[in-house]
file start-v1.json (JSON, C-alpha atoms)
[["chain", "number", "residue", "atom", "x", "y", "z"],
["H", 2, "MET", "CA", -18.95, -63.87, -126.73],
["H", 3, "ASP", "CA", -16.69, -63.22, -123.72],
["H", 4, "SER", "CA", -17.76, -64.57, -120.34],
["H", 5, "ILE", "CA", -19.51, -62.20, -117.94],
["H", 6, "ARG", "CA", -17.19, -61.31, -115.07],
["H", 7, "VAL", "CA", -18.63, -61.74, -111.57],
["H", 8, "VAL", "CA", -17.30, -60.97, -108.10],
["H", 9, "ILE", "CA", -18.91, -62.04, -104.83],
["H", 10, "ALA", "CA", -18.69, -60.52, -101.35],
["H", 11, "ASP", "CA", -19.85, -62.23, -98.17],
["H", 12, "ASP", "CA", -18.22, -62.66, -94.75],
["H", 13, "ASP", "CA", -19.56, -66.25, -94.66],
["H", 14, "GLU", "CA", -17.04, -68.52, -96.39],
["H", 15, "GLY", "CA", -19.66, -71.25, -96.84],
["H", 16, "MET", "CA", -22.00, -68.87, -98.64],
["H", 17, "ARG", "CA", -19.19, -67.69, -100.92],
["H", 18, "LEU", "CA", -18.57, -71.34, -101.79],
["H", 19, "VAL", "CA", -22.26, -71.90, -102.61],
["H", 20, "GLU", "CA", -22.41, -68.78, -104.79],
["H", 21, "SER", "CA", -19.17, -69.61, -106.58],
["H", 22, "LYS", "CA", -20.47, -73.10, -107.44],
["H", 23, "LEU", "CA", -23.70, -71.65, -108.82],
["H", 24, "ILE", "CA", -21.78, -69.14, -110.93],
["H", 25, "ALA", "CA", -19.71, -72.04, -112.28],
["H", 26, "LEU", "CA", -22.93, -73.89, -113.18],
["H", 27, "ALA", "CA", -24.47, -70.93, -114.99],
["H", 28, "GLU", "CA", -23.72, -70.56, -118.69],
["H", 29, "GLY", "CA", -21.56, -67.65, -119.75],
["H", 30, "PHE", "CA", -20.21, -66.49, -116.37],
["H", 31, "ASP", "CA", -16.70, -66.35, -114.93],
["H", 32, "LEU", "CA", -15.85, -65.75, -111.25],
["H", 33, "ALA", "CA", -13.27, -62.97, -111.14],
["H", 34, "GLY", "CA", -12.76, -62.85, -107.37],
["H", 35, "GLU", "CA", -14.14, -63.05, -103.83],
["H", 36, "ALA", "CA", -14.18, -60.65, -100.89],
["H", 37, "GLU", "CA", -15.13, -61.15, -97.25],
["H", 38, "ASN", "CA", -15.76, -57.51, -96.32],
["H", 39, "GLY", "CA", -16.72, -54.20, -97.88],
["H", 40, "ASP", "CA", -13.21, -52.79, -98.19],
["H", 41, "GLU", "CA", -11.98, -55.92, -99.95],
["H", 42, "LEU", "CA", -14.98, -55.74, -102.29],
["H", 43, "MET", "CA", -14.25, -52.16, -103.33],
["H", 44, "ALA", "CA", -10.60, -53.00, -104.01],
["H", 45, "LEU", "CA", -11.73, -56.03, -106.04],
["H", 46, "VAL", "CA", -14.15, -53.97, -108.13],
["H", 47, "GLU", "CA", -11.47, -51.36, -108.80],
["H", 48, "ARG", "CA", -9.03, -54.07, -109.92],
["H", 49, "GLU", "CA", -11.23, -56.54, -111.80],
["H", 50, "HIS", "CA", -13.91, -54.27, -113.35],
["H", 51, "PRO", "CA", -16.68, -56.89, -113.05],
["H", 52, "GLN", "CA", -20.01, -56.70, -114.83],
["H", 53, "VAL", "CA", -21.91, -58.36, -111.97],
["H", 54, "VAL", "CA", -21.49, -58.13, -108.18],
["H", 55, "PHE", "CA", -23.08, -60.48, -105.64],
["H", 56, "LEU", "CA", -22.97, -58.85, -102.21],
["H", 57, "ASP", "CA", -24.28, -59.37, -98.70],
["H", 58, "VAL", "CA", -25.88, -56.47, -96.84],
["H", 59, "GLU", "CA", -24.20, -56.95, -93.45],
["H", 60, "MET", "CA", -20.43, -57.21, -93.82],
["H", 61, "PRO", "CA", -17.49, -55.98, -91.72],
["H", 62, "GLY", "CA", -16.33, -52.49, -92.64],
["H", 63, "LYS", "CA", -18.52, -50.97, -95.34],
["H", 64, "THR", "CA", -21.99, -52.47, -95.58],
["H", 65, "GLY", "CA", -23.31, -53.92, -98.80],
["H", 66, "VAL", "CA", -25.56, -50.89, -99.37],
["H", 67, "GLU", "CA", -22.63, -48.50, -98.81],
["H", 68, "CYS", "CA", -20.55, -50.48, -101.29],
["H", 69, "ALA", "CA", -23.42, -50.48, -103.78],
["H", 70, "ARG", "CA", -23.61, -46.68, -103.67],
["H", 71, "LEU", "CA", -19.86, -46.41, -104.31],
["H", 72, "ILE", "CA", -20.03, -48.95, -107.14],
["H", 73, "GLN", "CA", -22.91, -47.03, -108.72],
["H", 74, "ASP", "CA", -20.75, -43.90, -108.73],
["H", 75, "MET", "CA", -17.85, -45.80, -110.31],
["H", 76, "ASP", "CA", -19.89, -47.58, -112.99],
["H", 77, "PRO", "CA", -23.71, -47.55, -112.86],
["H", 78, "SER", "CA", -23.88, -50.30, -115.50],
["H", 79, "ILE", "CA", -22.57, -52.92, -113.02],
["H", 80, "VAL", "CA", -25.37, -55.36, -112.12],
["H", 81, "LEU", "CA", -25.88, -55.56, -108.35],
["H", 82, "ILE", "CA", -27.42, -58.67, -106.79],
["H", 83, "PHE", "CA", -27.92, -58.73, -103.02],
["H", 84, "ALA", "CA", -27.82, -62.10, -101.26],
["H", 85, "THR", "CA", -28.66, -61.76, -97.58],
["H", 86, "ALA", "CA", -30.42, -63.47, -94.67],
["H", 87, "HIS", "CA", -32.47, -60.33, -93.95],
["H", 88, "ASP", "CA", -35.41, -59.13, -96.03],
["H", 89, "ALA", "CA", -35.61, -55.89, -94.02],
["H", 90, "TYR", "CA", -33.01, -54.23, -96.28],
["H", 91, "MET", "CA", -34.90, -54.82, -99.53],
["H", 92, "GLY", "CA", -36.01, -51.19, -99.79],
["H", 93, "ASP", "CA", -32.43, -49.96, -99.32],
["H", 94, "ALA", "CA", -31.22, -52.40, -101.97],
["H", 95, "PHE", "CA", -33.64, -51.19, -104.62],
["H", 96, "GLN", "CA", -32.82, -47.56, -103.84],
["H", 97, "VAL", "CA", -29.38, -48.38, -105.27],
["H", 98, "TYR", "CA", -31.02, -50.06, -108.30],
["H", 99, "ALA", "CA", -30.31, -53.65, -107.36],
["H", 100, "PHE", "CA", -31.13, -56.13, -110.11],
["H", 101, "ASP", "CA", -32.37, -58.67, -107.58],
["H", 102, "TYR", "CA", -32.57, -59.37, -103.85],
["H", 103, "LEU", "CA", -32.06, -62.99, -102.79],
["H", 104, "VAL", "CA", -33.02, -63.98, -99.25],
["H", 105, "LYS", "CA", -30.97, -66.81, -97.70],
["H", 106, "PRO", "CA", -31.43, -69.72, -97.71],
["H", 107, "PHE", "CA", -32.35, -69.51, -101.40],
["H", 108, "ARG", "CA", -33.02, -72.28, -103.88],
["H", 109, "ASN", "CA", -30.31, -72.94, -106.45],
["H", 110, "GLU", "CA", -32.89, -72.63, -109.22],
["H", 111, "ARG", "CA", -33.75, -69.11, -108.02],
["H", 112, "VAL", "CA", -30.14, -67.97, -108.36],
["H", 113, "LEU", "CA", -29.68, -69.64, -111.74],
["H", 114, "GLU", "CA", -32.85, -67.95, -113.01],
["H", 115, "THR", "CA", -31.50, -64.57, -111.88],
["H", 116, "LEU", "CA", -28.21, -65.25, -113.65],
["H", 117, "ARG", "CA", -30.09, -66.22, -116.80],
["H", 118, "ARG", "CA", -31.94, -62.88, -116.77],
["H", 119, "VAL", "CA", -28.66, -61.05, -116.14],
["H", 120, "ARG", "CA", -27.09, -62.79, -119.14],
["H", 121, "GLU", "CA", -30.04, -61.82, -121.34],
["H", 122, "ARG", "CA", -29.78, -58.24, -120.11],
["H", 123, "LEU", "CA", -26.04, -57.92, -120.72],
["H", 124, "GLN", "CA", -26.07, -59.76, -124.03],
["H", 125, "GLY", "CA", -29.03, -57.80, -125.37],
["H", 126, "THR", "CA", -31.47, -60.68, -125.73],
["H", 127, "GLU", "CA", -34.24, -59.48, -123.41],
["H", 128, "SER", "CA", -37.93, -59.70, -124.16],
["H", 129, "GLN", "CA", -39.94, -57.20, -126.20],
["H", 130, "PRO", "CA", -39.24, -53.59, -125.17],
["H", 131, "LEU", "CA", -41.98, -51.33, -123.91],
["H", 132, "PRO", "CA", -43.27, -48.93, -126.59],
["H", 133, "MET", "CA", -42.61, -45.23, -126.23],
["H", 134, "PRO", "CA", -45.32, -42.60, -126.86],
["H", 135, "GLU", "CA", -44.81, -39.68, -129.23],
["H", 136, "LYS", "CA", -42.41, -36.86, -128.33],
["H", 137, "PRO", "CA", -43.86, -34.10, -126.15],
["H", 138, "GLU", "CA", -44.33, -30.64, -127.55],
["H", 139, "GLY", "CA", -41.29, -28.42, -127.15],
["H", 140, "ALA", "CA", -38.88, -31.34, -127.00],
["H", 141, "SER", "CA", -36.85, -30.10, -129.97],
["H", 142, "MET", "CA", -35.49, -26.94, -128.34],
["H", 143, "GLY", "CA", -32.01, -26.81, -126.86],
["H", 144, "GLY", "CA", -28.96, -24.68, -127.65],
["H", 145, "ARG", "CA", -25.20, -24.73, -127.49],
["H", 146, "MET", "CA", -23.14, -25.18, -124.36],
["H", 147, "MET", "CA", -19.47, -24.77, -123.61],
["H", 148, "LEU", "CA", -18.02, -27.85, -122.04],
["H", 149, "LYS", "CA", -14.69, -27.96, -120.22],
["H", 150, "HIS", "CA", -13.27, -31.44, -120.46],
["H", 151, "ARG", "CA", -9.97, -33.25, -120.01],
["H", 152, "ASP", "CA", -8.69, -32.34, -123.47],
["H", 153, "GLY", "CA", -9.71, -28.67, -123.41],
["H", 154, "VAL", "CA", -12.98, -26.93, -124.25],
["H", 155, "ALA", "CA", -15.72, -28.05, -126.64],
["H", 156, "PHE", "CA", -18.86, -26.36, -127.88],
["H", 157, "VAL", "CA", -21.66, -28.90, -128.08],
["H", 158, "ASP", "CA", -25.18, -28.62, -129.46],
["H", 159, "GLN", "CA", -27.51, -29.80, -126.73],
["H", 160, "ASN", "CA", -29.66, -31.62, -129.30],
["H", 161, "ASP", "CA", -26.60, -33.76, -130.07],
["H", 162, "ILE", "CA", -26.15, -34.91, -126.47],
["H", 163, "GLN", "CA", -27.68, -38.36, -126.06],
["H", 164, "LEU", "CA", -26.71, -39.22, -122.53],
["H", 165, "VAL", "CA", -24.93, -37.86, -119.47],
["H", 166, "GLN", "CA", -23.75, -40.38, -116.87],
["H", 167, "ARG", "CA", -21.46, -40.90, -113.92],
["H", 168, "GLU", "CA", -18.52, -43.07, -114.87],
["H", 169, "GLU", "CA", -15.31, -43.79, -112.94],
["H", 170, "ARG", "CA", -16.19, -40.93, -110.53],
["H", 171, "ALA", "CA", -16.41, -38.43, -113.39],
["H", 172, "THR", "CA", -19.27, -37.05, -115.48],
["H", 173, "VAL", "CA", -19.32, -38.24, -119.09],
["H", 174, "LEU", "CA", -21.34, -36.88, -122.01],
["H", 175, "TYR", "CA", -22.07, -39.02, -125.07],
["H", 176, "THR", "CA", -23.10, -37.35, -128.33],
["H", 177, "THR", "CA", -24.80, -38.53, -131.50],
["H", 178, "ASP", "CA", -21.58, -38.25, -133.53],
["H", 179, "GLY", "CA", -19.86, -40.79, -131.27],
["H", 180, "HIS", "CA", -17.86, -38.36, -129.13],
["H", 181, "ARG", "CA", -17.33, -38.98, -125.43],
["H", 182, "TYR", "CA", -16.51, -35.98, -123.24],
["H", 183, "VAL", "CA", -15.19, -36.47, -119.69],
["H", 184, "THR", "CA", -15.66, -33.47, -117.40],
["H", 185, "GLY", "CA", -15.04, -32.66, -113.77],
["H", 186, "ASP", "CA", -18.46, -30.99, -113.48],
["H", 187, "THR", "CA", -20.97, -32.79, -111.27],
["H", 188, "MET", "CA", -24.19, -34.27, -112.62],
["H", 189, "GLY", "CA", -26.08, -31.47, -110.87],
["H", 190, "GLU", "CA", -23.95, -28.77, -112.51],
["H", 191, "ILE", "CA", -24.46, -30.26, -115.96],
["H", 192, "GLU", "CA", -28.18, -30.73, -115.33],
["H", 193, "GLU", "CA", -28.58, -27.04, -114.47],
["H", 194, "ARG", "CA", -27.12, -26.07, -117.85],
["H", 195, "LEU", "CA", -29.21, -28.45, -119.93],
["H", 196, "ASP", "CA", -32.57, -27.52, -121.43],
["H", 197, "PRO", "CA", -35.23, -29.11, -119.16],
["H", 198, "ALA", "CA", -37.59, -29.33, -122.15],
["H", 199, "ILE", "CA", -35.50, -32.13, -123.67],
["H", 200, "PHE", "CA", -33.39, -33.56, -120.83],
["H", 201, "PHE", "CA", -34.62, -35.76, -118.00],
["H", 202, "ARG", "CA", -32.80, -36.89, -114.84],
["H", 203, "CYS", "CA", -33.97, -40.49, -114.80],
["H", 204, "HIS", "CA", -31.49, -41.74, -112.18],
["H", 205, "LYS", "CA", -28.91, -40.20, -109.89],
["H", 206, "SER", "CA", -26.25, -41.40, -112.36],
["H", 207, "TYR", "CA", -28.04, -40.69, -115.67],
["H", 208, "ILE", "CA", -29.54, -37.79, -117.63],
["H", 209, "ILE", "CA", -31.17, -38.68, -120.96],
["H", 210, "ASN", "CA", -32.18, -36.73, -124.07],
["H", 211, "LEU", "CA", -35.93, -37.32, -124.56],
["H", 212, "ASN", "CA", -35.52, -37.01, -128.34],
["H", 213, "GLN", "CA", -33.10, -39.96, -128.36],
["H", 214, "ILE", "CA", -35.22, -42.56, -126.52],
["H", 215, "VAL", "CA", -36.33, -45.51, -128.64],
["H", 216, "ALA", "CA", -37.49, -48.05, -126.02],
["H", 217, "MET", "CA", -37.55, -49.02, -122.36],
["H", 218, "GLU", "CA", -37.16, -52.58, -121.07],
["H", 219, "PRO", "CA", -37.66, -54.12, -117.62],
["H", 220, "TYR", "CA", -34.47, -54.43, -115.55],
["H", 221, "GLY", "CA", -34.72, -56.29, -112.26],
["H", 222, "ARG", "CA", -37.87, -55.77, -110.23],
["H", 223, "TRP", "CA", -38.61, -52.05, -110.14],
["H", 224, "THR", "CA", -36.24, -50.58, -112.69],
["H", 225, "PHE", "CA", -36.15, -50.17, -116.48],
["H", 226, "VAL", "CA", -33.38, -49.84, -119.06],
["H", 227, "VAL", "CA", -33.65, -46.92, -121.47],
["H", 228, "LYS", "CA", -32.36, -47.60, -124.98],
["H", 229, "LEU", "CA", -31.20, -44.70, -127.13],
["H", 230, "ARG", "CA", -31.07, -44.17, -130.87],
["H", 231, "GLY", "CA", -27.97, -45.40, -132.71],
["H", 232, "THR", "CA", -25.88, -46.36, -129.68],
["H", 233, "ARG", "CA", -25.27, -49.29, -127.35],
["H", 234, "GLN", "CA", -25.11, -46.89, -124.39],
["H", 235, "THR", "CA", -28.10, -47.31, -122.10],
["H", 236, "ALA", "CA", -29.48, -45.66, -118.96],
["H", 237, "LEU", "CA", -31.43, -46.88, -115.93],
["H", 238, "ILE", "CA", -34.77, -45.47, -114.82],
["H", 239, "THR", "CA", -36.84, -46.45, -111.76],
["H", 240, "HIS", "CA", -40.52, -47.31, -111.93],
["H", 241, "GLU", "CA", -41.38, -43.96, -110.31],
["H", 242, "LYS", "CA", -39.30, -42.01, -112.82],
["H", 243, "TYR", "CA", -40.78, -44.13, -115.62],
["H", 244, "GLU", "CA", -44.28, -43.05, -114.56],
["H", 245, "GLU", "CA", -43.11, -39.42, -114.39],
["H", 246, "LEU", "CA", -41.64, -39.70, -117.88],
["H", 247, "ILE", "CA", -44.86, -41.18, -119.29],
["H", 248, "GLN", "CA", -46.73, -38.23, -117.81],
["H", 249, "ARG", "CA", -44.41, -35.83, -119.64],
["H", 250, "PHE", "CA", -45.23, -37.55, -122.91],
["H", 251, "SER", "CA", -48.99, -37.56, -122.26]]
call {"tool": "encode", "arguments": {"input": "start-v1.json", "output": "structure tokens"}}
result
Amino acid sequence: MDSIRVVIADDDEGMRLVESKLIALAEGFDLAGEAENGDELMALVEREHPQVVFLDVEMPGKTGVECARLIQDMDPSIVLIFATAHDAYMGDAFQVYAFDYLVKPFRNERVLETLRRVRERLQGTESQPLPMPEKPEGASMGGRMMLKHRDGVAFVDQNDIQLVQREERATVLYTTDGHRYVTGDTMGEIEERLDPAIFFRCHKSYIINLNQIVAMEPYGRWTFVVKLRGTRQTALITHEKYEELIQRFS
């Protein structure tokens, strides 16, 4: 299996050196680049398309949290790990669905354990998924919608839509027959047109079809991964949204 690509961003050269050595020690990871401020980090992410980003909160230019929001809009599947000397920003970090929040000075074993969990997450070897309850009544409704996309216009059965997500600053719909539609509509515009009986906004970057959920697994501290039927595409859902979803199925 290919190595997991990582980039790190910190204005402290010594800390970048420590993190790069730990990444080299961890099995299955490859350091794709380093940045010393927020603007350099965003350029690095655009160029290298990493799967994991280590970032400090306080950096020159864009802060780590600002960068995290931009990265989420580009590709919400990128794993974000904050490494900072300040625990006061932990709430902000988890609002952007950080996988972990490391407070400096941290133990090497702590970082290596986080990287191990990231590898399990990205390689699909996590622990037993959480069971899902039965479908709620009325979850099989839906209808057809006209979708303007880059290649023209498509008519899509809503029941066939598995997932809507933000991707490369566009909105992308994935369907059960393997099609991928890229549209200029915002997530909010698509959400307004979808049947609320079967679609759920689980994350600012994801809308899921309730009929397509097969399992949810822990991701980081306060977030879960939603797995969907017959596809490797996944979505993120916070603990609060998870509780809301369980209530819908009750």
call {"tool": "closest_residue", "arguments": {"input": "start-v1.json", "among": "H:Ile24, H:Val80, H:Ala99, H:Met146", "to": "Trp223 in chain H", "atoms": "only C-alpha atoms"}}
result
H:Ala99
call {"tool": "atom_distance", "arguments": {"input": "start-v1.json", "atom1": "CA of Leu211 in chain H", "atom2": "CA of Phe156 in chain H"}}
result
20.6 Å
call {"tool": "closest_atom_pairs", "arguments": {"input": "start-v1.json", "of": "range 50-94 of chain H", "to": "range 107-116 of chain H", "cutoff": "12 Å", "atoms": "all atoms listed in the file", "output": "Markdown table"}}
result
| residue | atom | partner | partner_atom | distance |
| --- | --- | --- | --- | --- |
| H:Gln52 | CA | H:Leu116 | CA | 11.9 |
| H:Val53 | CA | H:Leu116 | CA | 9.5 |
| H:Val54 | CA | H:Leu116 | CA | 11.2 |
| H:Phe55 | CA | H:Leu116 | CA | 10.6 |
| H:Val80 | CA | H:Leu116 | CA | 10.4 |
| H:Leu81 | CA | H:Thr115 | CA | 11.2 |
| H:Ile82 | CA | H:Thr115 | CA | 8.8 |
| H:Phe83 | CA | H:Val112 | CA | 10.9 |
| H:Ala84 | CA | H:Phe107 | CA | 8.7 |
| H:Thr85 | CA | H:Phe107 | CA | 9.4 |
| H:Ala86 | CA | H:Phe107 | CA | 9.2 |
| H:His87 | CA | H:Phe107 | CA | 11.8 |
call {"tool": "atom_distance", "arguments": {"input": "start-v1.json", "atom1": "CA of Val227 in chain H", "atom2": "CA of Gly179 in chain H"}}
result
18.0 Å
call {"tool": "residues_around", "arguments": {"input": "start-v1.json", "residues": "Asn160 in chain H", "least_positions_apart": "2", "cutoff": "10 Å", "atoms": "only C-alpha atoms", "output": "PyMOL selection string"}}
result
chain H and resi 140-145+157-158+162-163+176-177+195-196+199-200+210-213
call {"tool": "atom_distance", "arguments": {"input": "start-v1.json", "atom1": "CA of Arg48 in chain H", "atom2": "CA of Leu32 in chain H"}}
result
13.6 Å
call {"tool": "closest_residue", "arguments": {"input": "start-v1.json", "among": "H:Leu71, H:Leu246, H:Ile209, H:Leu148", "to": "Leu229 in chain H", "atoms": "all atoms listed in the file"}}
result
H:Ile209
call {"tool": "closest_residue", "arguments": {"input": "start-v1.json", "among": "H:Met217, H:Ala236, H:Val46, H:Ile79", "to": "Lys205 in chain H", "atoms": "all atoms listed in the file"}}
result
H:Ala236
call {"tool": "closest_residue", "arguments": {"input": "start-v1.json", "among": "H:Tyr175, H:Pro197, H:Val19, H:Lys242", "to": "Arg230 in chain H", "atoms": "all atoms listed in the file"}}
result
H:Tyr175
call {"tool": "residues_around", "arguments": {"input": "start-v1.json", "residues": "range 187-192 of chain H", "least_positions_apart": "5", "cutoff": "12 Å", "atoms": "all atoms listed in the file", "output": "PyMOL selection string"}}
result
chain H and resi 74+146-149+159+162+164-168+170-174+197-210
call {"tool": "residues_around", "arguments": {"input": "start-v1.json", "residues": "range 11-16 of chain H", "least_positions_apart": "6", "cutoff": "7 Å", "atoms": "only C-alpha atoms", "output": "PDB file with C-alpha atoms, in the frame of the given file"}}
result
ATOM      1  CA  ALA H  36     -14.180 -60.650-100.890  1.00  0.00           C
ATOM      2  CA  GLU H  37     -15.130 -61.150 -97.250  1.00  0.00           C
ATOM      3  CA  ASN H  38     -15.760 -57.510 -96.320  1.00  0.00           C
ATOM      4  CA  LEU H  56     -22.970 -58.850-102.210  1.00  0.00           C
ATOM      5  CA  ASP H  57     -24.280 -59.370 -98.700  1.00  0.00           C
ATOM      6  CA  MET H  60     -20.430 -57.210 -93.820  1.00  0.00           C
TER       7      MET H  60
END
call {"tool": "residues_near_point", "arguments": {"input": "start-v1.json", "point": "(-9.7, -59.2, -106.5)", "cutoff": "8 Å", "atoms": "all atoms listed in the file", "output": "JSON, numbers by chain"}}
result
{"H": [8, 33, 34, 35, 36, 41, 42, 44, 45, 46, 48, 49]}
call {"tool": "residues_near_point", "arguments": {"input": "start-v1.json", "point": "(-36.8, -50.6, -119.6)", "cutoff": "8 Å", "atoms": "only C-alpha atoms", "output": "list of chain:residue names"}}
result
H:Pro130, H:Leu131, H:Ala216, H:Met217, H:Glu218, H:Pro219, H:Tyr220, H:Thr224, H:Phe225, H:Val226, H:Val227, H:Lys228, H:Leu237, H:Ile238
call {"tool": "closest_residue", "arguments": {"input": "start-v1.json", "among": "H:Gln124, H:Thr239, H:Gln73, H:Thr184", "to": "Gly29 in chain H", "atoms": "only C-alpha atoms"}}
result
H:Gln124
call {"tool": "decode", "arguments": {"input": "start-v1.json", "residues": "range 176-243 of chain H", "atoms": "C-alpha atoms", "output": "JSON list (two decimals), in the first residue's frame"}}
result
[["chain", "number", "residue", "atom", "x", "y", "z"],
["H", 176, "THR", "CA", -24.77, 8.07, -6.65],
["H", 177, "THR", "CA", -25.33, 4.36, -6.16],
["H", 178, "ASP", "CA", -24.50, 3.58, -9.81],
["H", 179, "GLY", "CA", -20.99, 5.02, -9.37],
["H", 180, "HIS", "CA", -21.58, 8.41, -11.00],
["H", 181, "ARG", "CA", -19.93, 11.54, -9.64],
["H", 182, "TYR", "CA", -21.56, 14.89, -10.47],
["H", 183, "VAL", "CA", -19.67, 18.16, -9.88],
["H", 184, "THR", "CA", -21.89, 21.23, -9.58],
["H", 185, "GLY", "CA", -21.42, 24.90, -8.84],
["H", 186, "ASP", "CA", -24.41, 24.88, -6.46],
["H", 187, "THR", "CA", -23.58, 25.40, -2.80],
["H", 188, "MET", "CA", -24.19, 22.74, -0.17],
["H", 189, "GLY", "CA", -27.05, 24.87, 1.16],
["H", 190, "GLU", "CA", -28.70, 25.11, -2.27],
["H", 191, "ILE", "CA", -28.49, 21.35, -2.79],
["H", 192, "GLU", "CA", -29.75, 20.69, 0.75],
["H", 193, "GLU", "CA", -32.85, 22.81, 0.13],
["H", 194, "ARG", "CA", -33.77, 20.65, -2.86],
["H", 195, "LEU", "CA", -33.25, 17.29, -1.16],
["H", 196, "ASP", "CA", -36.00, 15.43, 0.67],
["H", 197, "PRO", "CA", -35.41, 16.05, 4.42],
["H", 198, "ALA", "CA", -37.05, 12.71, 5.19],
["H", 199, "ILE", "CA", -34.05, 10.83, 3.80],
["H", 200, "PHE", "CA", -31.15, 13.31, 3.76],
["H", 201, "PHE", "CA", -29.22, 14.57, 6.76],
["H", 202, "ARG", "CA", -26.65, 17.38, 6.99],
["H", 203, "CYS", "CA", -24.16, 15.65, 9.26],
["H", 204, "HIS", "CA", -21.29, 18.13, 8.75],
["H", 205, "LYS", "CA", -20.81, 21.45, 7.03],
["H", 206, "SER", "CA", -19.11, 19.55, 4.20],
["H", 207, "TYR", "CA", -21.34, 16.45, 4.03],
["H", 208, "ILE", "CA", -24.97, 15.48, 3.41],
["H", 209, "ILE", "CA", -25.79, 11.77, 3.67],
["H", 210, "ASN", "CA", -28.65, 9.55, 2.50],
["H", 211, "LEU", "CA", -30.08, 7.85, 5.62],
["H", 212, "ASN", "CA", -31.03, 4.79, 3.57],
["H", 213, "GLN", "CA", -27.38, 4.25, 2.59],
["H", 214, "ILE", "CA", -25.77, 4.24, 6.06],
["H", 215, "VAL", "CA", -24.31, 0.90, 7.13],
["H", 216, "ALA", "CA", -22.11, 1.85, 10.11],
["H", 217, "MET", "CA", -20.45, 4.64, 12.07],
["H", 218, "GLU", "CA", -16.96, 4.46, 13.55],
["H", 219, "PRO", "CA", -15.08, 6.72, 15.98],
["H", 220, "TYR", "CA", -12.80, 9.28, 14.31],
["H", 221, "GLY", "CA", -10.58, 11.34, 16.58],
["H", 222, "ARG", "CA", -12.05, 12.46, 19.89],
["H", 223, "TRP", "CA", -15.53, 13.82, 19.21],
["H", 224, "THR", "CA", -16.23, 12.84, 15.63],
["H", 225, "PHE", "CA", -17.42, 9.71, 13.80],
["H", 226, "VAL", "CA", -16.98, 8.35, 10.29],
["H", 227, "VAL", "CA", -20.14, 7.34, 8.44],
["H", 228, "LYS", "CA", -19.78, 4.35, 6.12],
["H", 229, "LEU", "CA", -22.17, 3.95, 3.22],
["H", 230, "ARG", "CA", -23.44, 0.93, 1.33],
["H", 231, "GLY", "CA", -21.35, -0.31, -1.59],
["H", 232, "THR", "CA", -18.81, 2.52, -1.71],
["H", 233, "ARG", "CA", -15.50, 3.55, -0.18],
["H", 234, "GLN", "CA", -16.75, 7.15, 0.08],
["H", 235, "THR", "CA", -17.30, 8.16, 3.70],
["H", 236, "ALA", "CA", -18.62, 11.18, 5.59],
["H", 237, "LEU", "CA", -17.81, 12.80, 8.94],
["H", 238, "ILE", "CA", -20.34, 13.43, 11.69],
["H", 239, "THR", "CA", -19.79, 15.14, 15.06],
["H", 240, "HIS", "CA", -20.87, 13.63, 18.35],
["H", 241, "GLU", "CA", -23.73, 16.15, 18.58],
["H", 242, "LYS", "CA", -24.97, 15.30, 15.08],
["H", 243, "TYR", "CA", -24.55, 11.60, 15.88]]
